[in-house]
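Q: Below is final.pdb; it holds PDB, C-alpha atoms and all ligand atoms.
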ATOM      1  CA  MET A   1       0.000   0.000   0.000
ATOM      2  CA  SER A   2       1.265   3.510  -0.768
ATOM      3  CA  GLU A   3       2.136   5.885   2.081
ATOM      4  CA  ALA A   4      -0.641   8.117   3.421
ATOM      5  CA  VAL A   5      -0.570  11.617   1.948
ATOM      6  CA  ILE A   6      -1.574  12.906   5.369
ATOM      7  CA  GLU A   7       0.056  11.378   8.435
ATOM      8  CA  LYS A   8      -1.852  11.769  11.687
ATOM      9  CA  VAL A   9      -0.365  11.418  15.169
ATOM     10  CA  ASP A  10      -2.519  11.996  18.248
ATOM     11  CA  ASN A  11      -0.572  12.793  21.404
ATOM     12  CA  ASP A  12      -3.212  12.970  24.109
ATOM     13  CA  GLY A  13      -5.483  15.446  22.294
ATOM     14  CA  VAL A  14      -2.723  17.325  20.476
ATOM     15  CA  VAL A  15      -3.044  16.109  16.903
ATOM     16  CA  ARG A  16      -0.291  16.538  14.363
ATOM     17  CA  LEU A  17      -1.140  16.350  10.662
ATOM     18  CA  THR A  18       1.786  16.051   8.258
ATOM     19  CA  ILE A  19       1.312  16.620   4.538
ATOM     20  CA  ASN A  20       3.418  13.827   3.149
ATOM     21  CA  ARG A  21       4.534  14.472  -0.432
ATOM     22  CA  PRO A  22       8.117  15.583   0.196
ATOM     23  CA  LYS A  23       9.277  14.746  -3.352
ATOM     24  CA  ALA A  24       6.799  17.332  -4.697
ATOM     25  CA  LEU A  25       7.552  19.720  -1.815
ATOM     26  CA  ASN A  26       4.187  18.748  -0.305
ATOM     27  CA  ALA A  27       2.221  20.404  -3.119
ATOM     28  CA  LEU A  28      -1.529  20.228  -2.568
ATOM     29  CA  ASN A  29      -3.225  17.941  -5.069
ATOM     30  CA  SER A  30      -6.803  16.634  -4.957
ATOM     31  CA  GLU A  31      -5.751  13.499  -3.089
ATOM     32  CA  VAL A  32      -4.170  15.566  -0.293
ATOM     33  CA  LEU A  33      -7.163  17.898  -0.050
ATOM     34  CA  VAL A  34      -9.669  15.025   0.162
ATOM     35  CA  ALA A  35      -7.555  13.167   2.754
ATOM     36  CA  LEU A  36      -7.094  16.329   4.801
ATOM     37  CA  GLU A  37     -10.833  17.001   4.779
ATOM     38  CA  SER A  38     -11.533  13.487   5.948
ATOM     39  CA  HIS A  39      -9.142  13.915   8.911
ATOM     40  CA  LEU A  40     -10.737  17.253   9.754
ATOM     41  CA  THR A  41     -14.188  15.629   9.816
ATOM     42  CA  GLU A  42     -12.901  13.196  12.451
ATOM     43  CA  LEU A  43     -11.228  15.963  14.448
ATOM     44  CA  GLU A  44     -14.384  18.093  14.540
ATOM     45  CA  ALA A  45     -16.069  15.278  16.470
ATOM     46  CA  GLN A  46     -13.148  14.584  18.831
ATOM     47  CA  THR A  47     -14.175  15.819  22.289
ATOM     48  CA  ASN A  48     -10.716  15.608  23.919
ATOM     49  CA  LEU A  49      -9.096  17.657  21.133
ATOM     50  CA  ARG A  50      -6.842  20.432  22.534
ATOM     51  CA  ALA A  51      -4.737  21.673  19.613
ATOM     52  CA  VAL A  52      -3.906  20.770  16.026
ATOM     53  CA  LEU A  53      -0.477  21.107  14.430
ATOM     54  CA  ILE A  54      -0.058  21.050  10.682
ATOM     55  CA  THR A  55       3.238  20.749   8.860
ATOM     56  CA  GLY A  56       4.959  19.382   5.764
ATOM     57  CA  ALA A  57       7.154  16.293   5.548
ATOM     58  CA  GLY A  58      10.892  16.776   5.076
ATOM     59  CA  GLU A  59      13.136  19.712   5.846
ATOM     60  CA  LYS A  60      12.625  21.722   2.676
ATOM     61  CA  ALA A  61       8.991  22.680   2.460
ATOM     62  CA  PHE A  62       5.842  23.296   4.429
ATOM     63  CA  VAL A  63       3.778  23.347   1.209
ATOM     64  CA  ALA A  64       5.124  24.735  -2.097
ATOM     65  CA  GLY A  65       1.624  25.513  -3.375
ATOM     66  CA  ALA A  66      -1.223  23.867  -5.181
ATOM     67  CA  ASP A  67      -0.024  21.086  -7.472
ATOM     68  CA  ILE A  68       0.882  22.814 -10.732
ATOM     69  CA  THR A  69       1.177  19.525 -12.642
ATOM     70  CA  GLU A  70      -2.385  18.596 -11.711
ATOM     71  CA  MET A  71      -3.746  22.092 -12.434
ATOM     72  CA  ARG A  72      -2.068  22.665 -15.792
ATOM     73  CA  ASP A  73      -4.707  21.071 -18.039
ATOM     74  CA  LYS A  74      -7.828  21.931 -16.071
ATOM     75  CA  THR A  75     -10.841  23.529 -17.755
ATOM     76  CA  PRO A  76     -12.496  26.512 -16.020
ATOM     77  CA  GLU A  77     -15.143  24.146 -14.592
ATOM     78  CA  GLU A  78     -12.527  21.730 -13.272
ATOM     79  CA  ALA A  79     -10.558  24.646 -11.831
ATOM     80  CA  ARG A  80     -13.681  25.860 -10.042
ATOM     81  CA  ALA A  81     -14.275  22.383  -8.551
ATOM     82  CA  PHE A  82     -10.622  22.151  -7.450
ATOM     83  CA  ALA A  83     -10.756  25.579  -5.791
ATOM     84  CA  SER A  84     -14.085  24.716  -4.099
ATOM     85  CA  GLN A  85     -12.614  21.542  -2.623
ATOM     86  CA  ALA A  86      -9.603  23.507  -1.352
ATOM     87  CA  LEU A  87     -11.679  26.350   0.064
ATOM     88  CA  ARG A  88     -13.958  23.916   1.897
ATOM     89  CA  THR A  89     -11.023  21.984   3.382
ATOM     90  CA  ILE A  90      -9.160  25.127   4.427
ATOM     91  CA  LYS A  91     -12.307  26.600   5.978
ATOM     92  CA  ARG A  92     -12.791  23.430   8.043
ATOM     93  CA  LEU A  93      -9.209  23.727   9.279
ATOM     94  CA  GLU A  94      -9.786  27.380  10.168
ATOM     95  CA  THR A  95     -13.011  26.671  12.059
ATOM     96  CA  LEU A  96     -11.775  23.742  14.144
ATOM     97  CA  PRO A  97     -12.809  24.668  17.692
ATOM     98  CA  VAL A  98      -9.239  24.507  19.063
ATOM     99  CA  PRO A  99      -6.057  26.437  18.213
ATOM    100  CA  VAL A 100      -4.450  25.334  14.946
ATOM    101  CA  VAL A 101      -0.700  25.858  14.632
ATOM    102  CA  ALA A 102       1.170  25.841  11.301
ATOM    103  CA  LEU A 103       4.773  24.654  11.651
ATOM    104  CA  VAL A 104       6.271  26.318   8.608
ATOM    105  CA  ASN A 105       9.470  24.398   8.034
ATOM    106  CA  GLY A 106      10.511  25.712   4.600
ATOM    107  CA  PHE A 107       8.789  26.854   1.386
ATOM    108  CA  CYS A 108       5.335  28.229   2.091
ATOM    109  CA  LEU A 109       4.087  29.377  -1.299
ATOM    110  CA  GLY A 110       0.753  29.902  -3.039
ATOM    111  CA  GLY A 111      -1.757  27.405  -1.646
ATOM    112  CA  GLY A 112       0.719  26.651   1.164
ATOM    113  CA  CYS A 113       0.679  30.257   2.291
ATOM    114  CA  GLU A 114      -3.123  30.218   2.006
ATOM    115  CA  LEU A 115      -3.237  27.115   4.210
ATOM    116  CA  ALA A 116      -1.000  28.801   6.816
ATOM    117  CA  LEU A 117      -3.225  31.895   6.724
ATOM    118  CA  ALA A 118      -6.152  29.785   7.911
ATOM    119  CA  CYS A 119      -4.219  28.692  11.015
ATOM    120  CA  ASP A 120      -4.360  30.523  14.352
ATOM    121  CA  TRP A 121      -0.612  30.377  14.772
ATOM    122  CA  ALA A 122       2.186  30.254  12.248
ATOM    123  CA  VAL A 123       5.591  29.363  13.653
ATOM    124  CA  ALA A 124       8.335  29.505  11.031
ATOM    125  CA  SER A 125      11.875  28.236  10.749
ATOM    126  CA  SER A 126      14.368  30.926   9.756
ATOM    127  CA  ASN A 127      14.866  29.289   6.328
ATOM    128  CA  ALA A 128      11.147  29.550   5.489
ATOM    129  CA  VAL A 129      10.165  31.382   2.304
ATOM    130  CA  PHE A 130       6.723  32.878   1.787
ATOM    131  CA  GLY A 131       4.896  34.187  -1.248
ATOM    132  CA  GLN A 132       1.824  34.212  -3.455
ATOM    133  CA  PRO A 133       3.489  33.594  -6.835
ATOM    134  CA  GLU A 134       0.290  32.747  -8.742
ATOM    135  CA  VAL A 135       0.571  35.693 -11.180
ATOM    136  CA  LEU A 136       3.854  34.201 -12.392
ATOM    137  CA  LEU A 137       1.786  31.171 -13.454
ATOM    138  CA  GLY A 138      -0.962  33.171 -15.148
ATOM    139  CA  VAL A 139      -3.561  32.809 -12.378
ATOM    140  CA  ILE A 140      -4.604  34.539  -9.182
ATOM    141  CA  PRO A 141      -4.591  32.955  -5.722
ATOM    142  CA  GLY A 142      -7.481  30.495  -5.642
ATOM    143  CA  PHE A 143      -7.390  29.080  -2.116
ATOM    144  CA  GLY A 144      -8.481  32.230  -0.250
ATOM    145  CA  GLY A 145      -5.284  34.290  -0.513
ATOM    146  CA  THR A 146      -6.886  37.405  -1.991
ATOM    147  CA  GLN A 147      -9.186  37.548   1.054
ATOM    148  CA  ARG A 148      -7.257  36.160   4.033
ATOM    149  CA  LEU A 149      -3.904  37.794   3.214
ATOM    150  CA  PRO A 150      -5.249  41.396   3.291
ATOM    151  CA  ARG A 151      -7.116  40.596   6.492
ATOM    152  CA  ARG A 152      -3.836  39.383   8.049
ATOM    153  CA  VAL A 153      -1.270  41.881   6.743
ATOM    154  CA  GLY A 154      -3.425  44.758   5.446
ATOM    155  CA  PRO A 155      -4.512  45.467   1.844
ATOM    156  CA  ALA A 156      -1.391  47.424   0.784
ATOM    157  CA  MET A 157       1.056  44.658   1.678
ATOM    158  CA  ALA A 158      -1.298  41.983   0.308
ATOM    159  CA  ILE A 159      -1.532  43.775  -3.053
ATOM    160  CA  ASP A 160       2.267  44.133  -3.060
ATOM    161  CA  LEU A 161       2.804  40.398  -2.512
ATOM    162  CA  ILE A 162       0.000  39.174  -4.768
ATOM    163  CA  THR A 163       0.659  41.421  -7.783
ATOM    164  CA  THR A 164       4.452  41.033  -7.772
ATOM    165  CA  GLY A 165       4.515  37.381  -6.716
ATOM    166  CA  ARG A 166       7.748  38.206  -4.892
ATOM    167  CA  LYS A 167       9.041  35.833  -2.240
ATOM    168  CA  ILE A 168       9.825  37.051   1.257
ATOM    169  CA  ASP A 169      11.961  35.524   3.997
ATOM    170  CA  ALA A 170      10.833  34.595   7.491
ATOM    171  CA  VAL A 171      12.086  37.848   9.017
ATOM    172  CA  GLU A 172       9.927  39.919   6.660
ATOM    173  CA  ALA A 173       7.008  37.546   7.232
ATOM    174  CA  LEU A 174       7.347  38.217  10.963
ATOM    175  CA  ARG A 175       7.633  41.987  10.446
ATOM    176  CA  ILE A 176       4.400  42.172   8.416
ATOM    177  CA  GLY A 177       2.504  39.911  10.839
ATOM    178  CA  LEU A 178       2.180  36.920   8.553
ATOM    179  CA  VAL A 179       3.754  34.657  11.207
ATOM    180  CA  ASN A 180       3.879  34.739  15.000
ATOM    181  CA  ARG A 181       7.423  33.485  15.647
ATOM    182  CA  VAL A 182      10.623  32.687  13.749
ATOM    183  CA  MET A 183      13.436  30.464  14.978
ATOM    184  CA  PRO A 184      16.212  28.195  13.696
ATOM    185  CA  GLN A 185      14.818  25.007  12.160
ATOM    186  CA  ALA A 186      16.524  22.887  14.850
ATOM    187  CA  GLU A 187      14.548  24.710  17.576
ATOM    188  CA  LEU A 188      11.134  24.586  15.908
ATOM    189  CA  GLU A 189       9.999  21.283  17.411
ATOM    190  CA  ASN A 190      10.992  22.230  20.974
ATOM    191  CA  TYR A 191       9.238  25.549  20.682
ATOM    192  CA  VAL A 192       6.040  23.963  19.423
ATOM    193  CA  GLU A 193       6.166  21.372  22.197
ATOM    194  CA  GLU A 194       6.371  24.186  24.768
ATOM    195  CA  LEU A 195       3.566  26.071  23.024
ATOM    196  CA  THR A 196       1.226  23.081  23.023
ATOM    197  CA  LYS A 197       2.097  22.359  26.671
ATOM    198  CA  GLN A 198       1.105  25.927  27.496
ATOM    199  CA  LEU A 199      -2.135  25.643  25.520
ATOM    200  CA  LYS A 200      -2.936  22.314  27.212
ATOM    201  CA  GLY A 201      -2.355  23.806  30.662
ATOM    202  CA  ASN A 202      -5.148  26.343  30.132
ATOM    203  CA  GLY A 203      -8.867  25.730  30.518
ATOM    204  CA  PRO A 204      -9.974  23.826  27.407
ATOM    205  CA  GLN A 205     -13.418  25.428  27.252
ATOM    206  CA  SER A 206     -11.917  28.901  27.804
ATOM    207  CA  VAL A 207      -9.449  28.371  24.966
ATOM    208  CA  ARG A 208     -12.271  27.220  22.676
ATOM    209  CA  GLY A 209     -14.463  30.163  23.734
ATOM    210  CA  ALA A 210     -11.641  32.659  23.168
ATOM    211  CA  LYS A 211     -11.006  31.299  19.669
ATOM    212  CA  GLN A 212     -14.710  31.430  18.850
ATOM    213  CA  ALA A 213     -15.007  35.029  20.094
ATOM    214  CA  VAL A 214     -12.055  36.204  17.984
ATOM    215  CA  HIS A 215     -13.068  34.331  14.829
ATOM    216  CA  ASP A 216     -16.809  34.987  14.881
ATOM    217  CA  GLY A 217     -16.310  38.570  16.093
ATOM    218  CA  MET A 218     -14.012  39.448  13.180
ATOM    219  CA  ASP A 219     -16.928  38.956  10.771
ATOM    220  CA  GLN A 220     -19.248  41.304  12.690
ATOM    221  CA  ASP A 221     -19.508  45.021  13.454
ATOM    222  CA  LEU A 222     -17.862  46.036  16.747
ATOM    223  CA  ASP A 223     -21.045  46.329  18.831
ATOM    224  CA  SER A 224     -22.334  42.902  17.737
ATOM    225  CA  ALA A 225     -18.895  41.406  18.314
ATOM    226  CA  LEU A 226     -18.715  42.886  21.821
ATOM    227  CA  ALA A 227     -22.166  41.451  22.565
ATOM    228  CA  LEU A 228     -20.902  38.068  21.389
ATOM    229  CA  GLU A 229     -17.902  38.388  23.718
ATOM    230  CA  THR A 230     -20.202  39.193  26.662
ATOM    231  CA  ALA A 231     -22.357  36.143  25.910
ATOM    232  CA  LEU A 232     -19.344  33.827  25.661
ATOM    233  CA  PHE A 233     -17.823  35.361  28.822
ATOM    234  CA  ALA A 234     -21.044  34.701  30.744
ATOM    235  CA  VAL A 235     -21.125  31.083  29.536
ATOM    236  CA  CYS A 236     -17.746  30.512  31.238
ATOM    237  CA  PHE A 237     -19.467  30.995  34.610
ATOM    238  CA  ALA A 238     -21.799  28.075  33.936
ATOM    239  CA  GLY A 239     -18.990  25.510  33.954
ATOM    240  CA  GLU A 240     -16.507  23.945  36.356
ATOM    241  CA  GLU A 241     -13.520  25.515  34.654
ATOM    242  CA  GLN A 242     -14.103  29.046  35.926
ATOM    243  CA  LYS A 243     -14.734  27.737  39.474
ATOM    244  CA  GLU A 244     -11.477  25.771  39.408
ATOM    245  CA  GLY A 245      -9.424  28.578  37.799
ATOM    246  CA  MET A 246     -10.536  31.258  40.239
ATOM    247  CA  SER A 247     -10.452  28.967  43.297
ATOM    248  CA  ALA A 248      -6.898  27.979  42.399
ATOM    249  CA  PHE A 249      -5.889  31.651  42.302
ATOM    250  CA  VAL A 250      -7.495  32.387  45.671
ATOM    251  CA  GLU A 251      -6.014  29.217  47.220
ATOM    252  CA  LYS A 252      -2.565  30.030  45.765
ATOM    253  CA  ARG A 253      -2.231  26.786  43.823
ATOM    254  CA  LYS A 254      -1.992  25.794  40.179
ATOM    255  CA  ALA A 255      -5.331  25.245  38.463
ATOM    256  CA  ASN A 256      -6.071  21.682  37.464
ATOM    257  CA  PHE A 257      -8.227  21.769  34.347
TER     258      PHE A 257
HETATM  259  N1  LIG B   1       3.331  21.750  -7.761
HETATM  260  C1  LIG B   1       3.819  20.584  -8.238
HETATM  261  N2  LIG B   1       5.101  20.189  -8.079
HETATM  262  C2  LIG B   1       5.909  21.026  -7.402
HETATM  263  C3  LIG B   1       5.473  22.262  -6.886
HETATM  264  C4  LIG B   1       4.106  22.610  -7.082
HETATM  265  N3  LIG B   1       3.575  23.705  -6.591
HETATM  266  N4  LIG B   1       6.521  22.847  -6.293
HETATM  267  C5  LIG B   1       7.564  22.027  -6.423
HETATM  268  N5  LIG B   1       7.209  20.922  -7.098
HETATM  269  C6  LIG B   1       8.049  19.772  -7.461
HETATM  270  C7  LIG B   1       8.992  20.133  -8.585
HETATM  271  O1  LIG B   1       8.357  20.038  -9.828
HETATM  272  C8  LIG B   1      10.067  19.088  -8.405
HETATM  273  O2  LIG B   1       9.608  17.880  -8.929
HETATM  274  P1  LIG B   1      10.604  16.899  -9.809
HETATM  275  O3  LIG B   1      11.077  17.731 -10.949
HETATM  276  O4  LIG B   1      11.693  16.525  -8.845
HETATM  277  O5  LIG B   1       9.721  15.745 -10.197
HETATM  278  C9  LIG B   1      10.147  18.946  -6.899
HETATM  279  O6  LIG B   1       8.915  19.457  -6.396
HETATM  280  C10 LIG B   1      11.264  19.746  -6.262
HETATM  281  O7  LIG B   1      11.164  21.081  -6.709
HETATM  282  P2  LIG B   1      12.378  21.872  -7.400
HETATM  283  O8  LIG B   1      13.307  20.933  -8.092
HETATM  284  O9  LIG B   1      11.772  22.971  -8.191
HETATM  285  O10 LIG B   1      13.112  22.451  -6.104
HETATM  286  P3  LIG B   1      13.950  23.798  -5.998
HETATM  287  O11 LIG B   1      14.583  23.768  -4.665
HETATM  288  O12 LIG B   1      14.818  24.007  -7.204
HETATM  289  O13 LIG B   1      12.856  24.975  -6.022
HETATM  290  C11 LIG B   1      10.755  26.020  -5.363
HETATM  291  C12 LIG B   1      11.910  25.052  -4.975
HETATM  292  C13 LIG B   1       9.703  25.972  -4.284
HETATM  293  C14 LIG B   1      11.320  27.476  -5.459
HETATM  294  C15 LIG B   1      10.205  25.610  -6.752
HETATM  295  O14 LIG B   1       9.889  24.205  -6.692
HETATM  296  C16 LIG B   1       8.965  26.350  -7.129
HETATM  297  O15 LIG B   1       9.025  27.506  -7.576
HETATM  298  N6  LIG B   1       7.813  25.691  -7.001
HETATM  299  C17 LIG B   1       6.529  26.263  -7.400
HETATM  300  C18 LIG B   1       6.091  27.272  -6.392
HETATM  301  C19 LIG B   1       4.793  27.937  -6.800
HETATM  302  O16 LIG B   1       4.718  28.580  -7.857
HETATM  303  N7  LIG B   1       3.778  27.767  -5.977
HETATM  304  C20 LIG B   1       2.468  28.312  -6.244
HETATM  305  C21 LIG B   1       1.698  27.293  -7.009
HETATM  306  S1  LIG B   1       0.156  27.920  -7.549
HETATM  307  C22 LIG B   1      -6.895  28.168  -8.368
HETATM  308  C23 LIG B   1      -6.165  29.311  -8.665
HETATM  309  C24 LIG B   1      -4.865  29.379  -8.279
HETATM  310  C25 LIG B   1      -4.291  28.347  -7.582
HETATM  311  C26 LIG B   1      -5.038  27.254  -7.252
HETATM  312  C27 LIG B   1      -6.333  27.151  -7.667
HETATM  313  N8  LIG B   1      -8.207  28.031  -8.871
HETATM  314  C28 LIG B   1      -8.954  29.139  -9.303
HETATM  315  C29 LIG B   1      -8.653  26.694  -9.148
HETATM  316  C30 LIG B   1      -2.869  28.446  -7.338
HETATM  317  C31 LIG B   1      -2.326  27.956  -6.344
HETATM  318  C32 LIG B   1      -0.886  27.781  -6.212
HETATM  319  O17 LIG B   1      -0.498  27.481  -5.148
END
Once you've parsed the file, please lay out its structure as structure tokens.
A:
Amino acid sequence: MSEAVIEKVDNDGVVRLTINRPKALNALNSEVLVALESHLTELEAQTNLRAVLITGAGEKAFVAGADITEMRDKTPEEARAFASQALRTIKRLETLPVPVVALVNGFCLGGGCELALACDWAVASSNAVFGQPEVLLGVIPGFGGTQRLPRRVGPAMAIDLITTGRKIDAVEALRIGLVNRVMPQAELENYVEELTKQLKGNGPQSVRGAKQAVHDGMDQDLDSALALETALFAVCFAGEEQKEGMSAFVEKRKANF
């Protein structure tokens, strides 16, 4: 049997998904997108889920884009179906109820950058390279880049990157707010382990509620978003987590969530 295009490892509720096409620099083809969506369907139903990590196999690339070989001969209708599959999969990743962390361990181009943009965190190795080079191929970004990139880095920088197709290094990606952290490749795994430990130490329902408030609020006007925050804040007081967290503070001990 051939190797899985997505490898899944579950470490006590922290699930790591690895896109496993290193010979093609983990380019996203239909097989990868369908397999990824199927894993996400399982994860949506997983009650002990605490965080999801997504990365690319090998040391060279996170994801070097949508698969150009597969796309080359598509008709407009086939291209639309391909983009719809990708948009649906990426949206499901974005709306998982727990933090999603992209471990960007190398090239992060086109559809790869669009995948990282749907994650809550992007942690990059210092050799990572980012870009939306679609215009060099005679197309525009088709996996959400024209919409999520300006929301992340602002419209001026998004237009710059999308219309030139220029590649940027990890330091520039950090400066423009495309990624949260940059570090040497050898330190990436340790950092992410610490990050997930920190996330796991916090109240799981609070972390989910905080993610929901940020994500859902971003699509609303400020007053509606603040009302949403109030509602989600109040819900915290209906559960055990808030009792434990605040009691632990008063009793000068570490909370046990
Ligand atoms: N697709 C398919 N294969 C890829 C690939 C990709 N995106 N990127 C790399 N590969 C393959 C290479 O063809 C090569 O395969 P072999 O020749 O060994 O069989 C292997 O990976 C290693 O790559 P290189 O030999 O090129 O490695 P280098 O270190 O020399 O260069 C590179 C690395 C990342 C600079 C280079 O591979 C590169 O420029 N790759 C393409 C990057 C790119 O342009 N990405 C954006 C793709 S377009 C849509 C609209 C738009 C889109 C999608 C849908 N709709 C409306 C439907 C567009 C999305 C994109 O992401």
Q: Could you list, as a list in words, all protein and nucleic acid residues with an atom at most 6 Å from ligand LIG 1 (chain B), counting only C-alpha atoms and all ligand atoms?
A: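 Counting only what the definition allows, namely only C-alpha atoms and all ligand atoms, the set is Lys23, Ala24, Leu25, Ala27, Ala64, Gly65, Ala66, Asp67, Ile68, Thr69, Ala79, Arg80, Phe82, Ala83, Phe107, Leu109, Gly110, Gly111, Pro133, Glu134, Val139, Ile140, Pro141, Gly142 and Phe143 of chain A.
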Q: Using Å and a single decimal, report how far CA of Leu96 (chain A) sits from CA of Lys200 (chain A).
A: 15.8 Å
Q: What gap, in Å, lies between CA of Leu199 (chain A) and CA of Asn26 (chain A)?
A: 27.5 Å
Q: Given only C-alpha atoms as the basis, pick out the residue of A:Glu37, A:Asp12, A:Asp221, A:Glu114 nearest to Ala51 (chain A).
A: A:Asp12
Q: Give me, please, the distance in Å between CA of Gly245 (chain A) and CA of Phe233 (chain A), quoted to one decimal.
A: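 For CA of Gly245 (chain A) relative to CA of Phe233 (chain A), the distance reads 14.0 Å.
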